Amino acid sequence: MKRPDFMAIALKEAQAAATRDEVPVGAVIVSNGEVVATAGNRTRELADPTAHAEILAIRDACAKLSSERLGECDLYVTLEPCTMCAAAISFARLRRLYFGAADEKGGAVVSGVRFFASPTCHHAPDIYAGFGEVEASTLLKDFFVSRRGN
């Protein structure tokens, strides 16, 4: 049996976010090889600056699993998480983080504050960068070019 391509699912969520005029970021939470939650950015739609794909997926997974801890779960996200999302990942105790494109300006995993390397970080997931990086980067670049009209 072929294992699902979880980053491809996250990329579809990112594409759906772009069609809603949201920054194209998608996230998928997986437990035991099964998708538990998917989400794309909805900050504009919900008028909520915390409605990042990762946060929405974490909320949904916690509700479905009736737990504030997701220690047996992995997160796939198309863009390097920001500080807010990195903190949520830590507090949810996600086991692994797979992300596509690095975010030099807003990222907080391998860029910026490097949240998980902080001595005050409660939990750091195993981190795997660069999954679907080309597709995720292209989707983001195309989105912003189309908005700027360049």
# chains A, B, ... in the order shown; residues from 1 in each chain; ligands from 1

$ closest_atom_pairs --of "range 109-149 of chain A" --to "range 77-89 of chain A" --cutoff "8 Å" --atoms "only C-alpha atoms" --output "CSV"
residue,atom,partner,partner_atom,distance
A:Val109,CA,A:Glu80,CA,6.6
A:Val110,CA,A:Glu80,CA,7.8
A:Val113,CA,A:Thr83,CA,7.5
A:Phe115,CA,A:Thr83,CA,6.5
A:Phe116,CA,A:Ala86,CA,7.4
A:Cys121,CA,A:Ala87,CA,8.0
A:Pro125,CA,A:Ile89,CA,7.9
A:Phe131,CA,A:Thr78,CA,8.0
A:Gly132,CA,A:Thr78,CA,7.2
A:Glu133,CA,A:Thr78,CA,7.4
A:Ala136,CA,A:Thr78,CA,5.6

$ write_last_selection --atoms "all heavy atoms" --output "PDB file, in the first residue's frame"
ATOM      1  N   VAL A 109      11.765  28.889  12.750  1.00  0.00           N
ATOM      2  CA  VAL A 109      12.290  27.546  12.991  1.00  0.00           C
ATOM      3  C   VAL A 109      13.768  27.491  12.611  1.00  0.00           C
ATOM      4  O   VAL A 109      14.617  27.260  13.464  1.00  0.00           O
ATOM      5  CB  VAL A 109      11.467  26.483  12.225  1.00  0.00           C
ATOM      6  CG1 VAL A 109      12.051  25.089  12.430  1.00  0.00           C
ATOM      7  CG2 VAL A 109      10.013  26.519  12.662  1.00  0.00           C
ATOM      8  N   VAL A 110      14.083  27.725  11.342  1.00  0.00           N
ATOM      9  CA  VAL A 110      15.479  27.789  10.891  1.00  0.00           C
ATOM     10  C   VAL A 110      15.872  29.230  10.584  1.00  0.00           C
ATOM     11  O   VAL A 110      17.024  29.513  10.298  1.00  0.00           O
ATOM     12  CB  VAL A 110      15.739  26.885   9.663  1.00  0.00           C
ATOM     13  CG1 VAL A 110      15.498  25.424  10.021  1.00  0.00           C
ATOM     14  CG2 VAL A 110      14.909  27.292   8.464  1.00  0.00           C
ATOM     15  N   VAL A 113      13.975  33.941  15.000  1.00  0.00           N
ATOM     16  CA  VAL A 113      14.241  33.658  16.417  1.00  0.00           C
ATOM     17  C   VAL A 113      14.608  32.203  16.715  1.00  0.00           C
ATOM     18  O   VAL A 113      15.044  31.903  17.810  1.00  0.00           O
ATOM     19  CB  VAL A 113      13.035  34.050  17.311  1.00  0.00           C
ATOM     20  CG1 VAL A 113      12.715  35.517  17.187  1.00  0.00           C
ATOM     21  CG2 VAL A 113      11.823  33.202  17.011  1.00  0.00           C
ATOM     22  N   PHE A 115      12.822  29.495  17.344  1.00  0.00           N
ATOM     23  CA  PHE A 115      12.058  29.252  18.569  1.00  0.00           C
ATOM     24  C   PHE A 115      12.435  27.951  19.280  1.00  0.00           C
ATOM     25  O   PHE A 115      12.595  27.924  20.496  1.00  0.00           O
ATOM     26  CB  PHE A 115      10.557  29.246  18.246  1.00  0.00           C
ATOM     27  CG  PHE A 115       9.683  29.089  19.444  1.00  0.00           C
ATOM     28  CD1 PHE A 115       9.305  30.193  20.190  1.00  0.00           C
ATOM     29  CD2 PHE A 115       9.240  27.834  19.852  1.00  0.00           C
ATOM     30  CE1 PHE A 115       8.505  30.048  21.315  1.00  0.00           C
ATOM     31  CE2 PHE A 115       8.446  27.690  20.968  1.00  0.00           C
ATOM     32  CZ  PHE A 115       8.079  28.799  21.710  1.00  0.00           C
ATOM     33  N   PHE A 116      12.569  26.874  18.527  1.00  0.00           N
ATOM     34  CA  PHE A 116      12.796  25.567  19.159  1.00  0.00           C
ATOM     35  C   PHE A 116      14.181  25.451  19.785  1.00  0.00           C
ATOM     36  O   PHE A 116      14.412  24.565  20.612  1.00  0.00           O
ATOM     37  CB  PHE A 116      12.545  24.434  18.170  1.00  0.00           C
ATOM     38  CG  PHE A 116      11.131  24.410  17.648  1.00  0.00           C
ATOM     39  CD1 PHE A 116      10.873  24.539  16.293  1.00  0.00           C
ATOM     40  CD2 PHE A 116      10.054  24.282  18.515  1.00  0.00           C
ATOM     41  CE1 PHE A 116       9.572  24.522  15.807  1.00  0.00           C
ATOM     42  CE2 PHE A 116       8.743  24.271  18.043  1.00  0.00           C
ATOM     43  CZ  PHE A 116       8.507  24.394  16.687  1.00  0.00           C
ATOM     44  N   CYS A 121      12.008  27.041  25.485  1.00  0.00           N
ATOM     45  CA  CYS A 121      11.072  26.221  24.706  1.00  0.00           C
ATOM     46  C   CYS A 121      10.777  24.932  25.479  1.00  0.00           C
ATOM     47  O   CYS A 121      11.682  24.218  25.876  1.00  0.00           O
ATOM     48  CB  CYS A 121      11.676  25.914  23.336  1.00  0.00           C
ATOM     49  SG  CYS A 121      10.660  24.844  22.316  1.00  0.00           S
ATOM     50  N   PRO A 125       9.885  19.692  18.347  1.00  0.00           N
ATOM     51  CA  PRO A 125       9.650  18.520  17.512  1.00  0.00           C
ATOM     52  C   PRO A 125      10.908  18.183  16.714  1.00  0.00           C
ATOM     53  O   PRO A 125      11.822  19.007  16.602  1.00  0.00           O
ATOM     54  CB  PRO A 125       8.534  18.988  16.571  1.00  0.00           C
ATOM     55  CG  PRO A 125       8.809  20.451  16.408  1.00  0.00           C
ATOM     56  CD  PRO A 125       9.293  20.902  17.779  1.00  0.00           C
ATOM     57  N   PHE A 131      10.655  19.897   2.368  1.00  0.00           N
ATOM     58  CA  PHE A 131       9.705  18.981   1.733  1.00  0.00           C
ATOM     59  C   PHE A 131       8.744  19.786   0.860  1.00  0.00           C
ATOM     60  O   PHE A 131       8.020  20.630   1.370  1.00  0.00           O
ATOM     61  CB  PHE A 131       8.918  18.189   2.782  1.00  0.00           C
ATOM     62  CG  PHE A 131       9.692  17.046   3.352  1.00  0.00           C
ATOM     63  CD1 PHE A 131      10.656  17.256   4.314  1.00  0.00           C
ATOM     64  CD2 PHE A 131       9.468  15.754   2.898  1.00  0.00           C
ATOM     65  CE1 PHE A 131      11.391  16.215   4.833  1.00  0.00           C
ATOM     66  CE2 PHE A 131      10.195  14.695   3.410  1.00  0.00           C
ATOM     67  CZ  PHE A 131      11.160  14.921   4.381  1.00  0.00           C
ATOM     68  N   GLY A 132       8.737  19.546  -0.438  1.00  0.00           N
ATOM     69  CA  GLY A 132       7.871  20.296  -1.336  1.00  0.00           C
ATOM     70  C   GLY A 132       8.281  21.754  -1.457  1.00  0.00           C
ATOM     71  O   GLY A 132       7.465  22.608  -1.793  1.00  0.00           O
ATOM     72  N   GLU A 133       9.550  22.029  -1.197  1.00  0.00           N
ATOM     73  CA  GLU A 133      10.030  23.412  -1.143  1.00  0.00           C
ATOM     74  C   GLU A 133       9.821  24.164  -2.449  1.00  0.00           C
ATOM     75  O   GLU A 133       9.361  25.313  -2.441  1.00  0.00           O
ATOM     76  CB  GLU A 133      11.511  23.423  -0.770  1.00  0.00           C
ATOM     77  CG  GLU A 133      12.109  24.799  -0.680  1.00  0.00           C
ATOM     78  CD  GLU A 133      13.560  24.771  -0.234  1.00  0.00           C
ATOM     79  OE1 GLU A 133      14.191  23.694  -0.232  1.00  0.00           O
ATOM     80  OE2 GLU A 133      14.062  25.850   0.121  1.00  0.00           O
ATOM     81  N   ALA A 136       6.050  24.855  -2.982  1.00  0.00           N
ATOM     82  CA  ALA A 136       5.556  25.830  -2.006  1.00  0.00           C
ATOM     83  C   ALA A 136       6.091  27.225  -2.305  1.00  0.00           C
ATOM     84  O   ALA A 136       5.335  28.204  -2.265  1.00  0.00           O
ATOM     85  CB  ALA A 136       5.946  25.396  -0.597  1.00  0.00           C
TER      86      ALA A 136
END

$ residues_around --residues "Asp126 in chain A" --least-positions-apart "3" --cutoff "9 Å" --atoms "only C-alpha atoms" --output "list in words"
Leu94, Arg95, Arg96, Leu97 and Tyr98 of chain A

$ select_by_dssp --residues "chain A" --states "strand (DSSP E)" --output "PyMOL selection string"
chain A and resi 26-31+34-40+73-79+96-101+126-129

$ write_last_selection --atoms "N, CA, C and O atoms" --output "tab-separated table (two decimals), in the first residue's frame"
chain	number	residue	atom	x	y	z
A	26	GLY	N	-0.67	25.93	3.61
A	26	GLY	CA	-1.53	24.80	3.97
A	26	GLY	C	-0.83	23.91	4.98
A	26	GLY	O	0.40	23.83	5.02
A	27	ALA	N	-1.64	23.23	5.80
A	27	ALA	CA	-1.10	22.36	6.85
A	27	ALA	C	-1.92	21.08	6.95
A	27	ALA	O	-3.13	21.09	6.69
A	28	VAL	N	-1.25	20.01	7.34
A	28	VAL	CA	-1.88	18.71	7.53
A	28	VAL	C	-1.29	18.10	8.80
A	28	VAL	O	-0.08	18.12	9.00
A	29	ILE	N	-2.15	17.55	9.66
A	29	ILE	CA	-1.70	16.82	10.84
A	29	ILE	C	-2.03	15.36	10.63
A	29	ILE	O	-3.16	15.01	10.26
A	30	VAL	N	-1.02	14.52	10.89
A	30	VAL	CA	-1.11	13.09	10.63
A	30	VAL	C	-0.82	12.31	11.92
A	30	VAL	O	0.09	12.66	12.67
A	31	SER	N	-1.60	11.27	12.14
A	31	SER	CA	-1.38	10.36	13.27
A	31	SER	C	-1.44	8.94	12.75
A	31	SER	O	-2.42	8.56	12.09
A	34	GLU	N	-2.49	8.39	9.19
A	34	GLU	CA	-3.82	8.86	8.79
A	34	GLU	C	-3.94	10.36	8.99
A	34	GLU	O	-3.50	10.90	10.02
A	35	VAL	N	-4.57	11.03	8.03
A	35	VAL	CA	-4.79	12.47	8.16
A	35	VAL	C	-5.85	12.72	9.23
A	35	VAL	O	-6.93	12.15	9.19
A	36	VAL	N	-5.49	13.54	10.20
A	36	VAL	CA	-6.40	13.91	11.28
A	36	VAL	C	-7.05	15.26	11.01
A	36	VAL	O	-8.23	15.46	11.28
A	37	ALA	N	-6.26	16.20	10.47
A	37	ALA	CA	-6.78	17.55	10.24
A	37	ALA	C	-6.03	18.20	9.08
A	37	ALA	O	-4.84	17.94	8.88
A	38	THR	N	-6.75	19.03	8.34
A	38	THR	CA	-6.14	19.84	7.28
A	38	THR	C	-6.67	21.25	7.40
A	38	THR	O	-7.78	21.47	7.89
A	39	ALA	N	-5.86	22.20	6.95
A	39	ALA	CA	-6.30	23.60	6.99
A	39	ALA	C	-5.43	24.44	6.08
A	39	ALA	O	-4.29	24.07	5.79
A	40	GLY	N	-6.00	25.55	5.67
A	40	GLY	CA	-5.26	26.57	4.95
A	40	GLY	C	-5.48	27.88	5.67
A	40	GLY	O	-6.40	28.01	6.49
A	73	CYS	N	1.53	12.85	16.83
A	73	CYS	CA	1.16	13.43	15.53
A	73	CYS	C	2.33	14.18	14.90
A	73	CYS	O	3.22	14.67	15.57
A	74	ASP	N	2.25	14.25	13.57
A	74	ASP	CA	3.23	14.99	12.78
A	74	ASP	C	2.50	16.09	12.02
A	74	ASP	O	1.36	15.90	11.59
A	75	LEU	N	3.17	17.22	11.84
A	75	LEU	CA	2.62	18.36	11.11
A	75	LEU	C	3.40	18.56	9.83
A	75	LEU	O	4.64	18.62	9.85
A	76	TYR	N	2.68	18.66	8.73
A	76	TYR	CA	3.24	19.01	7.43
A	76	TYR	C	2.69	20.38	7.08
A	76	TYR	O	1.47	20.57	7.07
A	77	VAL	N	3.57	21.34	6.78
A	77	VAL	CA	3.12	22.69	6.45
A	77	VAL	C	3.99	23.22	5.31
A	77	VAL	O	5.19	22.92	5.24
A	78	THR	N	3.39	23.98	4.43
A	78	THR	CA	4.08	24.41	3.22
A	78	THR	C	5.10	25.52	3.45
A	78	THR	O	5.98	25.72	2.62
A	79	LEU	N	4.99	26.26	4.54
A	79	LEU	CA	5.90	27.37	4.83
A	79	LEU	C	6.43	27.24	6.25
A	79	LEU	O	5.70	26.84	7.16
A	96	ARG	N	6.72	15.61	15.12
A	96	ARG	CA	7.59	15.99	14.00
A	96	ARG	C	6.97	17.16	13.24
A	96	ARG	O	5.75	17.24	13.12
A	97	LEU	N	7.86	17.99	12.71
A	97	LEU	CA	7.46	19.11	11.85
A	97	LEU	C	8.17	18.96	10.52
A	97	LEU	O	9.40	18.89	10.47
A	98	TYR	N	7.39	18.88	9.45
A	98	TYR	CA	7.91	18.87	8.09
A	98	TYR	C	7.44	20.16	7.45
A	98	TYR	O	6.24	20.45	7.47
A	99	PHE	N	8.36	20.95	6.89
A	99	PHE	CA	7.90	22.16	6.19
A	99	PHE	C	8.60	22.31	4.86
A	99	PHE	O	9.68	21.80	4.63
A	100	GLY	N	7.91	23.06	3.97
A	100	GLY	CA	8.40	23.26	2.62
A	100	GLY	C	9.37	24.41	2.51
A	100	GLY	O	10.58	24.25	2.70
A	101	ALA	N	8.86	25.58	2.22
A	101	ALA	CA	9.69	26.75	1.98
A	101	ALA	C	10.14	27.41	3.28
A	101	ALA	O	9.36	27.52	4.23
A	126	ASP	N	10.95	17.00	16.15
A	126	ASP	CA	11.96	16.69	15.16
A	126	ASP	C	11.61	17.55	13.94
A	126	ASP	O	10.43	17.64	13.57
A	127	ILE	N	12.59	18.17	13.33
A	127	ILE	CA	12.34	19.12	12.24
A	127	ILE	C	12.95	18.63	10.94
A	127	ILE	O	14.12	18.24	10.90
A	128	TYR	N	12.13	18.65	9.88
A	128	TYR	CA	12.55	18.25	8.55
A	128	TYR	C	12.15	19.36	7.58
A	128	TYR	O	10.96	19.58	7.35
A	129	ALA	N	13.14	20.06	7.05
A	129	ALA	CA	12.88	21.20	6.17
A	129	ALA	C	13.05	20.81	4.70
A	129	ALA	O	13.75	19.85	4.38

$ closest_residue --among "A:Glu104, A:Leu70, A:Cys62, A:Ala53" --to "Val25 in chain A" --atoms "only C-alpha atoms"
A:Ala53

$ residues_around --residues "Val145 in chain A" --least-positions-apart "6" --cutoff "12 Å" --atoms "only C-alpha atoms" --output "PyMOL selection string"
chain A and resi 23+138-139

$ select_by_dssp --residues "chain A" --states "helix (DSSP H, G or I)" --output "PyMOL selection string"
chain A and resi 6-19+43-46+53-65+83-92+115-117+133-148

$ write_last_selection --atoms "C-alpha atoms" --output "compact mmCIF listing (two decimals), in the first residue's frame"
# COMPACT_ATOMS: atom_id res chain seq x y z
CA PHE A 6 1.05 14.46 3.05
CA MET A 7 2.93 17.49 1.73
CA ALA A 8 0.90 17.25 -1.50
CA ILE A 9 -2.24 17.47 0.63
CA ALA A 10 -0.80 20.54 2.41
CA LEU A 11 -0.03 22.10 -0.98
CA LYS A 12 -3.66 21.57 -2.05
CA GLU A 13 -4.76 23.37 1.12
CA ALA A 14 -2.35 26.19 0.26
CA GLN A 15 -3.79 26.42 -3.27
CA ALA A 16 -7.30 26.57 -1.84
CA ALA A 17 -6.20 29.39 0.49
CA ALA A 18 -4.89 31.33 -2.52
CA THR A 19 -8.27 31.01 -4.25
CA THR A 43 -6.84 35.20 8.46
CA ARG A 44 -8.71 37.50 6.07
CA GLU A 45 -11.86 35.38 5.87
CA LEU A 46 -12.18 35.11 9.65
CA ALA A 53 -3.02 27.11 8.69
CA GLU A 54 -0.99 25.50 11.49
CA ILE A 55 -3.14 26.95 14.28
CA LEU A 56 -6.38 25.92 12.57
CA ALA A 57 -5.07 22.39 11.96
CA ILE A 58 -3.87 22.08 15.57
CA ARG A 59 -7.25 23.25 16.90
CA ASP A 60 -9.09 20.77 14.68
CA ALA A 61 -6.80 17.86 15.55
CA CYS A 62 -7.05 18.58 19.28
CA ALA A 63 -10.85 18.68 19.04
CA LYS A 64 -11.02 15.45 17.03
CA LEU A 65 -8.62 13.63 19.35
CA THR A 83 6.89 32.42 16.09
CA MET A 84 3.20 32.14 17.03
CA CYS A 85 2.81 28.85 15.18
CA ALA A 86 6.11 27.47 16.48
CA ALA A 87 4.90 28.15 20.03
CA ALA A 88 1.60 26.38 19.31
CA ILE A 89 3.51 23.42 17.85
CA SER A 90 5.60 23.28 21.02
CA PHE A 91 2.62 23.56 23.37
CA ALA A 92 0.73 20.87 21.41
CA PHE A 115 12.06 29.25 18.57
CA PHE A 116 12.80 25.57 19.16
CA ALA A 117 16.44 26.33 20.00
CA GLU A 133 10.03 23.41 -1.14
CA VAL A 134 10.02 24.23 -4.86
CA GLU A 135 6.24 23.87 -5.19
CA ALA A 136 5.56 25.83 -2.01
CA SER A 137 7.97 28.63 -2.94
CA THR A 138 6.54 28.89 -6.44
CA LEU A 139 2.98 29.06 -5.12
CA LEU A 140 3.91 31.87 -2.71
CA LYS A 141 5.93 33.84 -5.27
CA ASP A 142 3.19 33.57 -7.90
CA PHE A 143 0.58 34.68 -5.37
CA PHE A 144 2.49 37.82 -4.38
CA VAL A 145 3.44 38.68 -7.97
CA SER A 146 -0.24 38.49 -8.98
CA ARG A 147 -1.21 40.79 -6.08
CA ARG A 148 1.46 43.34 -6.92

$ atom_distance --atom1 "CA of Gly106 in chain A" --atom2 "CA of Asn41 in chain A"
14.9 Å

$ decode --residues "range 51-62 of chain A" --atoms "N, CA, C and O atoms" --output "PDB file, in the first residue's frame"
ATOM      1  N   ALA A  51      -5.475  32.970  12.641  1.00  0.00           N
ATOM      2  CA  ALA A  51      -6.044  31.894  11.815  1.00  0.00           C
ATOM      3  C   ALA A  51      -5.064  31.420  10.748  1.00  0.00           C
ATOM      4  O   ALA A  51      -5.388  31.275   9.580  1.00  0.00           O
ATOM      5  N   HIS A  52      -3.834  31.140  11.189  1.00  0.00           N
ATOM      6  CA  HIS A  52      -2.832  30.547  10.312  1.00  0.00           C
ATOM      7  C   HIS A  52      -3.180  29.075  10.125  1.00  0.00           C
ATOM      8  O   HIS A  52      -3.813  28.445  10.990  1.00  0.00           O
ATOM      9  N   ALA A  53      -2.725  28.503   9.014  1.00  0.00           N
ATOM     10  CA  ALA A  53      -3.019  27.105   8.694  1.00  0.00           C
ATOM     11  C   ALA A  53      -2.635  26.170   9.845  1.00  0.00           C
ATOM     12  O   ALA A  53      -3.405  25.278  10.217  1.00  0.00           O
ATOM     13  N   GLU A  54      -1.458  26.379  10.422  1.00  0.00           N
ATOM     14  CA  GLU A  54      -0.988  25.504  11.493  1.00  0.00           C
ATOM     15  C   GLU A  54      -1.904  25.566  12.712  1.00  0.00           C
ATOM     16  O   GLU A  54      -2.252  24.523  13.298  1.00  0.00           O
ATOM     17  N   ILE A  55      -2.279  26.776  13.103  1.00  0.00           N
ATOM     18  CA  ILE A  55      -3.139  26.954  14.280  1.00  0.00           C
ATOM     19  C   ILE A  55      -4.492  26.290  14.053  1.00  0.00           C
ATOM     20  O   ILE A  55      -5.003  25.565  14.927  1.00  0.00           O
ATOM     21  N   LEU A  56      -5.069  26.520  12.868  1.00  0.00           N
ATOM     22  CA  LEU A  56      -6.378  25.919  12.568  1.00  0.00           C
ATOM     23  C   LEU A  56      -6.298  24.395  12.552  1.00  0.00           C
ATOM     24  O   LEU A  56      -7.193  23.719  13.074  1.00  0.00           O
ATOM     25  N   ALA A  57      -5.230  23.855  11.989  1.00  0.00           N
ATOM     26  CA  ALA A  57      -5.073  22.394  11.962  1.00  0.00           C
ATOM     27  C   ALA A  57      -4.870  21.838  13.374  1.00  0.00           C
ATOM     28  O   ALA A  57      -5.444  20.801  13.725  1.00  0.00           O
ATOM     29  N   ILE A  58      -4.088  22.527  14.181  1.00  0.00           N
ATOM     30  CA  ILE A  58      -3.868  22.082  15.566  1.00  0.00           C
ATOM     31  C   ILE A  58      -5.183  22.105  16.341  1.00  0.00           C
ATOM     32  O   ILE A  58      -5.513  21.140  17.045  1.00  0.00           O
ATOM     33  N   ARG A  59      -5.949  23.167  16.208  1.00  0.00           N
ATOM     34  CA  ARG A  59      -7.246  23.253  16.903  1.00  0.00           C
ATOM     35  C   ARG A  59      -8.159  22.099  16.495  1.00  0.00           C
ATOM     36  O   ARG A  59      -8.800  21.474  17.344  1.00  0.00           O
ATOM     37  N   ASP A  60      -8.227  21.836  15.182  1.00  0.00           N
ATOM     38  CA  ASP A  60      -9.094  20.774  14.676  1.00  0.00           C
ATOM     39  C   ASP A  60      -8.629  19.408  15.166  1.00  0.00           C
ATOM     40  O   ASP A  60      -9.433  18.595  15.622  1.00  0.00           O
ATOM     41  N   ALA A  61      -7.324  19.153  15.098  1.00  0.00           N
ATOM     42  CA  ALA A  61      -6.798  17.864  15.547  1.00  0.00           C
ATOM     43  C   ALA A  61      -7.039  17.654  17.041  1.00  0.00           C
ATOM     44  O   ALA A  61      -7.438  16.559  17.465  1.00  0.00           O
ATOM     45  N   CYS A  62      -6.811  18.687  17.837  1.00  0.00           N
ATOM     46  CA  CYS A  62      -7.050  18.576  19.281  1.00  0.00           C
ATOM     47  C   CYS A  62      -8.519  18.269  19.567  1.00  0.00           C
ATOM     48  O   CYS A  62      -8.824  17.427  20.418  1.00  0.00           O
TER      49      CYS A  62
END
